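Participant: Pasting a structure below so you can have a look.
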Amino acid sequence: MSTVAPPADWHRLDPRTVLVTALVVAGVVAGAAIPVTLGLTRWFSLPVAVLQVFAGAVLVIGAAAGADRVRWHRTRYRIGEERVDLHTGLLIVKRRSLARGRIRTVDLTANLLLRLLGLVTVRIGTGEQGSESTLELDPVTRTEGERLRRLLLERAATAPSGVHREGELAVLDPRWIRYAPVSFVAPMLGGAAAGAVMQVSDWVGAQGQVIEWVGDRFRETPLLWVIIVLVLAALVAGVVGALGLWIEMWWNYRLEREPGGTLRVRRGLFTSRSISVEEARLRGVDLVEPLGVRLLGAARLDAITTGLAKDQEARNADHNTLLPAAPRTRADAVAADVLREADTPTGAVLTPHPRAARGRRLRWSLAAVLGPVLVLTFLGALLTPVLLWIALGCAVVAVPVAVVLALDAYRALGHTLSGRYLVTRSGTVRRSTAALERAGVIGWTVKQSVFQRRAGLLTITATTAAGGGAYTAYDTDAAEGLTFAAEAVPGLLEPFLERPPKDV
């Protein structure tokens with residue numbers, strides 16, 4: 001059976017994909033070779049074990065390279081006038097197609113190996129849920145990737161009007177790295193480092209020796225100091241890891257506005273990323289202030305937009321972040337440039353919420369803390385006085401922290417209208433100030449519990465097709481909250497507002 005050559009307008013992936021796959025699999029195999037070899041020495045001599053592992057490695061690498069060679073041969077794509085087509089598969093042939101008018105993102109990603117070879121992975125997406133809304137070309141040359149990005153994102157419409165700057169909007173300031181250690185990533189990485197030490201020691205059969213060595217170092221040290229030292233060691237490891245992760249993710253960062261109204265974010269040290277956001281799909285910005293970053297006067301800026309990829313890989317890559325943690329004034333300035341506004345809505349003066357909202361937060365926080373304390377107290381009265389002392393310690397430490405966080409959460413509450421945008425703010429551990437374009441609101445959700453009704457409060461949520469899909473003003477004054485929603489989007493909420501009956 002003869003093979004019919006594909007039409008001239010069909011293209012293939014770069015043939016070096018086979019080399020990339022072989023090198024990646026070789027790296028994975030090399031990492032697994034040592035523990036596997038040590039395991040085989042229980043039954044075979046070391047030379048025999050090494051020979052077996054080497055033979056297995058060659059087989060695995062060869063199989064992976066062969067499979068990728070078949071994938072390359074059976075994959076082709078075409079950019080037509082109306083659609084983008086991708087055909088792939090051997091036994092089960094997949095033919096997928098996206099309408100060009102629905103394409104919202106063309107993102108380029110290249111790890112260190114791809115960068116050395118001048119290749120990129122291109123992700124073409126419509127921003128809808130599910131894998132069927134994204135086509136991935138892995139890999140093509142960087143030149144081809146840039147050509148596809150320009151071709152698929154070009155629009156006939158002119159750029160939005162307003163106060164704005166073209167070209168570079170923000171560039172990396174190396175001093176921003178000081179915000180990396182105070183993020184929540186640091187303690188997480190510290191715990192992961194401790195777990196990795198125990199796991200690796202278990203692989204080589206030395207976990208018992210590691211625990212014994214640590215015990216010998218602290219044999220004469222009180223238990224409390226042992227815990228403190230180990231926690232500090234984990235935190236140091238976490239800080240080092242957070243600094244390294246920040247450098248990898250944000251080195252070479254640059255935010256720019258391209259002709260035609262496209263925002264482009266480029267960043268990455270070893271793995272380069274290029275993310276494009278059409279301004280026509282931008283519905284606002286979200287100024288995010290995690291607790292540690294906020295204490296240093298900094299904030300991160302995220303895009304509220306339709307059409308960004310929503311799969312797991314995109315979320316893990318901070319796909320909607322326009323600006324990493326930077327000084328708050330700088331974040332506000334970038335927000336104004338991004339939104340083409342003279343004054344940023346994220347800096348607008350907000351309407352405070354009633355004192356009843358403060359009481360609700362105090363009650364929630366104290367209930368969350370005192371619940372476990374009461375359980376420990378009850379168990380201590382039945383079992384052992386040690387639990388009573390633990391309950392007392394928890395109460396002494398946790399109650400003040402709960403009160404401070406509750407008061408901070410209350411001070412964070414606020415909402416207002418600022419020109420074309422409605423602004424809501426809430427949160428303490430993660431404070432969020434969202435400026436959502438009023439034209440992007442497609443509905444309102446009003447909630448009022450029995451307790452809120454007694455306190456004269458309600459929670460009102462603006463629903464939208466962009467960003468997280470919902471932006472909420474918590475525990476507003478009942479009358480003021482409804483007025484805020486009615487003024488934000490005239491005509492949308494009025495039919496559902498209660499009106500007093502007319503006099504007969």
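Just so we're on the same page: first chain in the structure tokens is A, next is B, and so on; residues restart at 1 for each chain, and ligands are numbered from 1 in the order they show up.
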List the neighbours of Ala32 of chain A out to 10 Å using only C-alpha atoms; skip same-chain residues closer than 5 positions along the sequence, and give me the result as a count of residues only.

Facilitator: 5

Participant: Excluding same-chain residues fewer than 2 positions from segment 137-153 of chain A, what lies within 7 Å of it counting only C-alpha atoms, as a CSV table (one decimal) with N, CA, C and O atoms, in the first residue's frame?

Facilitator:
```
chain,number,residue,atom,x,y,z
A,13,LEU,N,6.2,18.3,12.9
A,13,LEU,CA,7.0,18.8,14.0
A,13,LEU,C,8.5,18.6,13.6
A,13,LEU,O,8.8,18.0,12.7
A,14,ASP,N,9.3,19.3,14.5
A,14,ASP,CA,10.7,19.2,14.2
A,14,ASP,C,11.2,17.7,14.4
A,14,ASP,O,10.9,17.2,15.5
A,17,THR,N,12.7,16.0,17.8
A,17,THR,CA,11.9,15.5,18.9
A,17,THR,C,12.3,14.2,19.4
A,17,THR,O,12.2,13.8,20.5
A,100,ARG,N,-10.2,29.4,14.1
A,100,ARG,CA,-9.2,30.4,14.4
A,100,ARG,C,-9.9,31.6,15.1
A,100,ARG,O,-9.2,32.2,15.9
A,106,VAL,N,-1.7,31.6,22.4
A,106,VAL,CA,-0.7,30.9,21.8
A,106,VAL,C,0.6,31.1,22.6
A,106,VAL,O,1.2,32.1,22.6
A,108,LEU,N,4.3,29.9,24.2
A,108,LEU,CA,5.5,29.1,23.9
A,108,LEU,C,6.3,28.8,25.2
A,108,LEU,O,6.5,29.6,26.0
A,118,GLY,N,17.2,25.1,20.2
A,118,GLY,CA,16.4,26.1,19.4
A,118,GLY,C,15.0,25.7,19.1
A,118,GLY,O,14.4,26.1,18.1
A,119,LEU,N,14.4,25.0,20.1
A,119,LEU,CA,13.0,24.5,19.9
A,119,LEU,C,12.1,25.0,21.0
A,119,LEU,O,12.5,25.5,22.0
A,120,VAL,N,10.8,25.0,20.7
A,120,VAL,CA,9.8,25.4,21.7
A,120,VAL,C,8.6,24.4,21.6
A,120,VAL,O,8.4,23.8,20.5
A,121,THR,N,7.8,24.4,22.6
A,121,THR,CA,6.5,23.7,22.6
A,121,THR,C,5.4,24.8,22.5
A,121,THR,O,5.4,25.8,23.2
A,122,VAL,N,4.5,24.7,21.5
A,122,VAL,CA,3.5,25.7,21.3
A,122,VAL,C,2.2,25.1,21.7
A,122,VAL,O,1.8,24.0,21.3
A,123,ARG,N,1.5,25.9,22.6
A,123,ARG,CA,0.2,25.5,23.1
A,123,ARG,C,-0.8,26.5,22.5
A,123,ARG,O,-0.8,27.7,22.8
A,135,LEU,N,-4.5,22.6,21.5
A,135,LEU,CA,-3.7,21.9,20.6
A,135,LEU,C,-2.2,22.1,21.0
A,135,LEU,O,-1.8,23.3,21.2
A,155,ARG,N,-5.1,40.4,15.0
A,155,ARG,CA,-6.6,40.8,14.9
A,155,ARG,C,-6.7,42.1,14.0
A,155,ARG,O,-5.8,43.0,14.1
```

Participant: At most 8 Å is the cut-off: for each residue in segment 380-410 of chain A with any atom that close to an atom of segment 359-374 of chain A, write down the nearest atom pair and the distance in Å rounded to one decimal, counting only C-alpha atoms, chain first then increasing number, as JSON lines.

Facilitator:
```
{"residue": "A:Ala391", "atom": "CA", "partner": "A:Val373", "partner_atom": "CA", "distance": 5.0}
{"residue": "A:Leu392", "atom": "CA", "partner": "A:Val373", "partner_atom": "CA", "distance": 7.6}
{"residue": "A:Cys394", "atom": "CA", "partner": "A:Val373", "partner_atom": "CA", "distance": 6.8}
{"residue": "A:Ala395", "atom": "CA", "partner": "A:Val373", "partner_atom": "CA", "distance": 6.5}
{"residue": "A:Ala398", "atom": "CA", "partner": "A:Val369", "partner_atom": "CA", "distance": 6.5}
{"residue": "A:Val399", "atom": "CA", "partner": "A:Val369", "partner_atom": "CA", "distance": 6.5}
{"residue": "A:Ala402", "atom": "CA", "partner": "A:Ser365", "partner_atom": "CA", "distance": 5.3}
{"residue": "A:Val403", "atom": "CA", "partner": "A:Leu362", "partner_atom": "CA", "distance": 6.2}
{"residue": "A:Leu405", "atom": "CA", "partner": "A:Ser365", "partner_atom": "CA", "distance": 7.9}
{"residue": "A:Ala406", "atom": "CA", "partner": "A:Arg361", "partner_atom": "CA", "distance": 5.2}
{"residue": "A:Leu407", "atom": "CA", "partner": "A:Leu362", "partner_atom": "CA", "distance": 7.2}
{"residue": "A:Ala409", "atom": "CA", "partner": "A:Arg361", "partner_atom": "CA", "distance": 7.4}
{"residue": "A:Tyr410", "atom": "CA", "partner": "A:Arg361", "partner_atom": "CA", "distance": 7.0}
```

Participant: So that I can check the surroundings of Gly191 of chain A, please list as a PDB file with N, CA, C and O atoms, in the first residue's frame every protein, DNA and RNA residue that reaches within 12 Å of it, counting only C-alpha atoms and ignoring chain neighbours fewer than 6 positions away.

Facilitator:
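After the write, selection_26.pdb holds the following:
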```pdb
ATOM      1  N   PHE A 184       4.504  31.352  50.956  1.00  0.00           N
ATOM      2  CA  PHE A 184       4.125  30.071  51.549  1.00  0.00           C
ATOM      3  C   PHE A 184       4.891  28.907  50.929  1.00  0.00           C
ATOM      4  O   PHE A 184       4.830  27.786  51.433  1.00  0.00           O
ATOM      5  N   VAL A 185       5.623  29.194  49.849  1.00  0.00           N
ATOM      6  CA  VAL A 185       6.389  28.132  49.199  1.00  0.00           C
ATOM      7  C   VAL A 185       7.543  27.671  50.080  1.00  0.00           C
ATOM      8  O   VAL A 185       7.889  26.485  50.106  1.00  0.00           O
ATOM      9  N   VAL A 197      15.068  13.643  52.135  1.00  0.00           N
ATOM     10  CA  VAL A 197      16.216  13.025  52.802  1.00  0.00           C
ATOM     11  C   VAL A 197      15.844  11.649  53.336  1.00  0.00           C
ATOM     12  O   VAL A 197      16.586  10.665  53.167  1.00  0.00           O
ATOM     13  N   MET A 198      14.688  11.550  53.969  1.00  0.00           N
ATOM     14  CA  MET A 198      14.265  10.264  54.519  1.00  0.00           C
ATOM     15  C   MET A 198      13.976   9.253  53.411  1.00  0.00           C
ATOM     16  O   MET A 198      14.306   8.069  53.542  1.00  0.00           O
ATOM     17  N   LEU A 230      15.556  21.454  64.331  1.00  0.00           N
ATOM     18  CA  LEU A 230      15.127  20.758  63.116  1.00  0.00           C
ATOM     19  C   LEU A 230      14.180  21.618  62.283  1.00  0.00           C
ATOM     20  O   LEU A 230      14.253  21.627  61.045  1.00  0.00           O
ATOM     21  N   VAL A 231      13.289  22.344  62.966  1.00  0.00           N
ATOM     22  CA  VAL A 231      12.372  23.225  62.237  1.00  0.00           C
ATOM     23  C   VAL A 231      13.149  24.338  61.541  1.00  0.00           C
ATOM     24  O   VAL A 231      12.882  24.673  60.369  1.00  0.00           O
ATOM     25  N   LEU A 232      14.128  24.921  62.250  1.00  0.00           N
ATOM     26  CA  LEU A 232      14.935  25.972  61.640  1.00  0.00           C
ATOM     27  C   LEU A 232      15.729  25.446  60.440  1.00  0.00           C
ATOM     28  O   LEU A 232      15.862  26.130  59.419  1.00  0.00           O
ATOM     29  N   ALA A 233      16.258  24.228  60.566  1.00  0.00           N
ATOM     30  CA  ALA A 233      16.994  23.639  59.446  1.00  0.00           C
ATOM     31  C   ALA A 233      16.086  23.447  58.234  1.00  0.00           C
ATOM     32  O   ALA A 233      16.474  23.722  57.089  1.00  0.00           O
ATOM     33  N   ALA A 234      14.852  22.976  58.495  1.00  0.00           N
ATOM     34  CA  ALA A 234      13.905  22.812  57.391  1.00  0.00           C
ATOM     35  C   ALA A 234      13.547  24.153  56.762  1.00  0.00           C
ATOM     36  O   ALA A 234      13.424  24.273  55.533  1.00  0.00           O
ATOM     37  N   LEU A 235      13.395  25.195  57.602  1.00  0.00           N
ATOM     38  CA  LEU A 235      13.073  26.516  57.069  1.00  0.00           C
ATOM     39  C   LEU A 235      14.216  27.066  56.223  1.00  0.00           C
ATOM     40  O   LEU A 235      13.984  27.697  55.184  1.00  0.00           O
ATOM     41  N   VAL A 236      15.450  26.860  56.676  1.00  0.00           N
ATOM     42  CA  VAL A 236      16.596  27.319  55.887  1.00  0.00           C
ATOM     43  C   VAL A 236      16.602  26.634  54.522  1.00  0.00           C
ATOM     44  O   VAL A 236      16.806  27.268  53.476  1.00  0.00           O
ATOM     45  N   ALA A 237      16.369  25.313  54.543  1.00  0.00           N
ATOM     46  CA  ALA A 237      16.306  24.590  53.270  1.00  0.00           C
ATOM     47  C   ALA A 237      15.161  25.114  52.406  1.00  0.00           C
ATOM     48  O   ALA A 237      15.298  25.246  51.182  1.00  0.00           O
ATOM     49  N   GLY A 238      14.032  25.433  53.047  1.00  0.00           N
ATOM     50  CA  GLY A 238      12.900  25.970  52.304  1.00  0.00           C
ATOM     51  C   GLY A 238      13.193  27.330  51.702  1.00  0.00           C
ATOM     52  O   GLY A 238      12.786  27.615  50.572  1.00  0.00           O
ATOM     53  N   VAL A 239      13.890  28.185  52.454  1.00  0.00           N
ATOM     54  CA  VAL A 239      14.239  29.509  51.938  1.00  0.00           C
ATOM     55  C   VAL A 239      15.168  29.389  50.735  1.00  0.00           C
ATOM     56  O   VAL A 239      14.980  30.061  49.713  1.00  0.00           O
ATOM     57  N   GLY A 241      15.402  26.841  48.734  1.00  0.00           N
ATOM     58  CA  GLY A 241      14.594  26.323  47.629  1.00  0.00           C
ATOM     59  C   GLY A 241      13.687  27.375  47.033  1.00  0.00           C
ATOM     60  O   GLY A 241      13.511  27.436  45.809  1.00  0.00           O
TER      61      GLY A 241
END
```

Participant: Within 8 Å of segment 434-438 of chain A, counting only C-alpha atoms, which residues show up once you throw out same-chain ones fewer than 3 positions away? Write them as a VMD selection string, please.

Facilitator: chain A and resid 283 to 287 304 345 to 346 420 to 425 441 471 488 to 489

Participant: So how many Å separate atom CA of Gly491 of chain A and atom CA of Leu282 of chain A, to one decimal?

Facilitator: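 Computing it gives 23.1 Å between the two atoms.
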
Participant: Just asking: which residues within segment 135-311 of chain A are helix (DSSP H, G or I) according to DSSP, as number ranges by chain?

Facilitator: A: 142-153, 174-179, 185-203, 207-217, 223-250, 279-281, 291-295

Participant: Got a sec to tell me which of segment 22-174 of chain A DSSP assigns to strand (DSSP E or B), as a PyMOL selection string?

Facilitator: chain A and resi 76-79+83-88+94-99+105-110+119-125+134-141+167-171

Participant: Would you export the selected residues with N, CA and C atoms as a short mmCIF file (atom, residue, chain, number, x, y, z; two decimals), in the first residue's frame, please?

Facilitator:
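The new file again-v6.cif reads:
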```cif
data_model
loop_
_atom_site.label_atom_id
_atom_site.label_comp_id
_atom_site.auth_asym_id
_atom_site.auth_seq_id
_atom_site.Cartn_x
_atom_site.Cartn_y
_atom_site.Cartn_z
N ARG A 76 0.93 15.83 12.02
CA ARG A 76 1.04 16.95 11.10
C ARG A 76 -0.01 18.00 11.48
N TYR A 77 0.28 19.23 11.15
CA TYR A 77 -0.65 20.32 11.48
C TYR A 77 -0.75 21.27 10.29
N ARG A 78 -1.86 22.03 10.30
CA ARG A 78 -2.12 22.95 9.18
C ARG A 78 -2.82 24.19 9.73
N ILE A 79 -2.37 25.36 9.28
CA ILE A 79 -3.01 26.62 9.63
C ILE A 79 -3.80 27.08 8.42
N ARG A 83 -9.52 27.49 10.14
CA ARG A 83 -9.32 26.53 11.22
C ARG A 83 -7.84 26.15 11.34
N VAL A 84 -7.51 25.64 12.52
CA VAL A 84 -6.20 25.04 12.77
C VAL A 84 -6.43 23.55 12.98
N ASP A 85 -5.77 22.72 12.20
CA ASP A 85 -5.99 21.28 12.24
C ASP A 85 -4.74 20.57 12.74
N LEU A 86 -4.95 19.50 13.52
CA LEU A 86 -3.87 18.66 14.01
C LEU A 86 -4.30 17.21 13.87
N HIS A 87 -3.51 16.44 13.14
CA HIS A 87 -3.76 15.01 12.95
C HIS A 87 -2.60 14.23 13.57
N THR A 88 -2.92 13.23 14.36
CA THR A 88 -1.88 12.42 14.99
C THR A 88 -2.45 11.04 15.31
N LYS A 94 -6.28 10.55 15.57
CA LYS A 94 -7.03 11.67 16.13
C LYS A 94 -6.93 12.86 15.18
N ARG A 95 -8.07 13.38 14.83
CA ARG A 95 -8.14 14.58 14.00
C ARG A 95 -8.85 15.66 14.80
N ARG A 96 -8.09 16.66 15.18
CA ARG A 96 -8.65 17.73 16.01
C ARG A 96 -8.53 19.05 15.26
N SER A 97 -9.48 19.93 15.54
CA SER A 97 -9.54 21.18 14.80
C SER A 97 -10.09 22.28 15.70
N LEU A 98 -9.49 23.47 15.61
CA LEU A 98 -9.97 24.64 16.34
C LEU A 98 -10.28 25.75 15.35
N ALA A 99 -11.40 26.41 15.55
CA ALA A 99 -11.73 27.57 14.73
C ALA A 99 -10.78 28.72 15.09
N THR A 105 -5.21 31.93 23.03
CA THR A 105 -3.84 31.89 23.55
C THR A 105 -2.95 31.10 22.60
N VAL A 106 -1.74 31.59 22.44
CA VAL A 106 -0.67 30.85 21.76
C VAL A 106 0.56 31.06 22.63
N ASP A 107 0.86 30.08 23.45
CA ASP A 107 1.95 30.21 24.44
C ASP A 107 3.12 29.33 24.04
N LEU A 108 4.31 29.85 24.24
CA LEU A 108 5.54 29.15 23.91
C LEU A 108 6.28 28.79 25.18
N THR A 109 6.70 27.53 25.29
CA THR A 109 7.45 27.05 26.45
C THR A 109 8.62 26.22 25.96
N ALA A 110 9.77 26.41 26.62
CA ALA A 110 10.96 25.64 26.24
C ALA A 110 11.80 25.37 27.48
N LEU A 119 14.38 24.95 20.07
CA LEU A 119 13.02 24.45 19.88
C LEU A 119 12.10 25.02 20.95
N VAL A 120 10.79 24.96 20.71
CA VAL A 120 9.78 25.37 21.68
C VAL A 120 8.57 24.45 21.56
N THR A 121 7.81 24.39 22.65
CA THR A 121 6.51 23.74 22.63
C THR A 121 5.44 24.82 22.48
N VAL A 122 4.55 24.67 21.52
CA VAL A 122 3.50 25.66 21.25
C VAL A 122 2.17 25.09 21.72
N ARG A 123 1.49 25.88 22.58
CA ARG A 123 0.16 25.49 23.07
C ARG A 123 -0.85 26.49 22.51
N ILE A 124 -1.77 25.99 21.68
CA ILE A 124 -2.80 26.82 21.06
C ILE A 124 -4.12 26.49 21.74
N GLY A 125 -4.76 27.49 22.36
CA GLY A 125 -5.97 27.19 23.12
C GLY A 125 -7.08 28.19 22.91
N THR A 134 -7.41 22.60 23.48
CA THR A 134 -6.00 22.98 23.34
C THR A 134 -5.31 22.05 22.36
N LEU A 135 -4.53 22.63 21.46
CA LEU A 135 -3.67 21.87 20.57
C LEU A 135 -2.23 22.13 20.98
N GLU A 136 -1.43 21.07 21.05
CA GLU A 136 -0.03 21.20 21.46
C GLU A 136 0.88 20.70 20.35
N LEU A 137 1.80 21.55 19.93
CA LEU A 137 2.81 21.20 18.93
C LEU A 137 4.13 21.08 19.67
N ASP A 138 4.62 19.87 19.85
CA ASP A 138 5.78 19.63 20.70
C ASP A 138 6.77 18.69 20.01
N PRO A 139 7.93 19.25 19.53
CA PRO A 139 8.28 20.67 19.47
C PRO A 139 8.32 21.15 18.03
N VAL A 140 8.48 22.48 17.89
CA VAL A 140 8.79 23.10 16.61
C VAL A 140 9.95 24.06 16.84
N THR A 141 10.51 24.60 15.77
CA THR A 141 11.60 25.55 15.93
C THR A 141 11.07 26.84 16.56
N GLY A 167 4.88 49.11 24.17
CA GLY A 167 6.20 48.54 24.45
C GLY A 167 6.31 48.00 25.86
N GLU A 168 7.44 48.22 26.49
CA GLU A 168 7.73 47.64 27.79
C GLU A 168 6.90 48.30 28.90
N LEU A 169 6.17 47.46 29.66
CA LEU A 169 5.39 47.94 30.80
C LEU A 169 6.09 47.64 32.13
N ALA A 170 6.81 46.54 32.19
CA ALA A 170 7.53 46.17 33.41
C ALA A 170 8.66 45.23 33.04
N VAL A 171 9.74 45.32 33.81
CA VAL A 171 10.89 44.45 33.60
C VAL A 171 11.40 44.02 34.97
#
```

Participant: Which residue, A:Trp176, A:Tyr474, A:Trp72, A:Trp10, has the smallest gap to Gly297 of chain A when you use only C-alpha atoms?

Facilitator: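 Ranked by minimum distance to Gly297 of chain A, first place goes to A:Trp176.
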
Participant: Between A:Ile211, A:Ala64, A:Ile177, A:Ala22, which residue has the minimum interatomic distance to Gly244 of chain A, considering only C-alpha atoms?

Facilitator: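 Closest candidate: A:Ile177.
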
Participant: What does the distance between atom CA of Glu220 of chain A and atom CA of Ala192 of chain A come to in Å, to one decimal place?

Facilitator: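 About the pair atom CA of Glu220 of chain A and atom CA of Ala192 of chain A: they are 27.5 Å apart.
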
Participant: Have a look at atom CA of Val24 of chain A and atom CA of Arg267 of chain A and let me know their distance in Å, one decimal.

Facilitator: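 Atom CA of Arg267 of chain A lies 22.6 Å from atom CA of Val24 of chain A.
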
Participant: A:Leu113, A:Leu322, A:Val93, A:Ala55: which is nearest Leu23 of chain A, counting only C-alpha atoms?

Facilitator: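 The closest residue to Leu23 of chain A is A:Leu113.
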
Participant: Using only C-alpha atoms, which of the listed residues (A:Leu301, A:Val349, A:Val397, A:Leu91) sits closest to Ala336 of chain A?

Facilitator: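 Counting only C-alpha atoms, the residue closest to Ala336 of chain A is A:Leu301.
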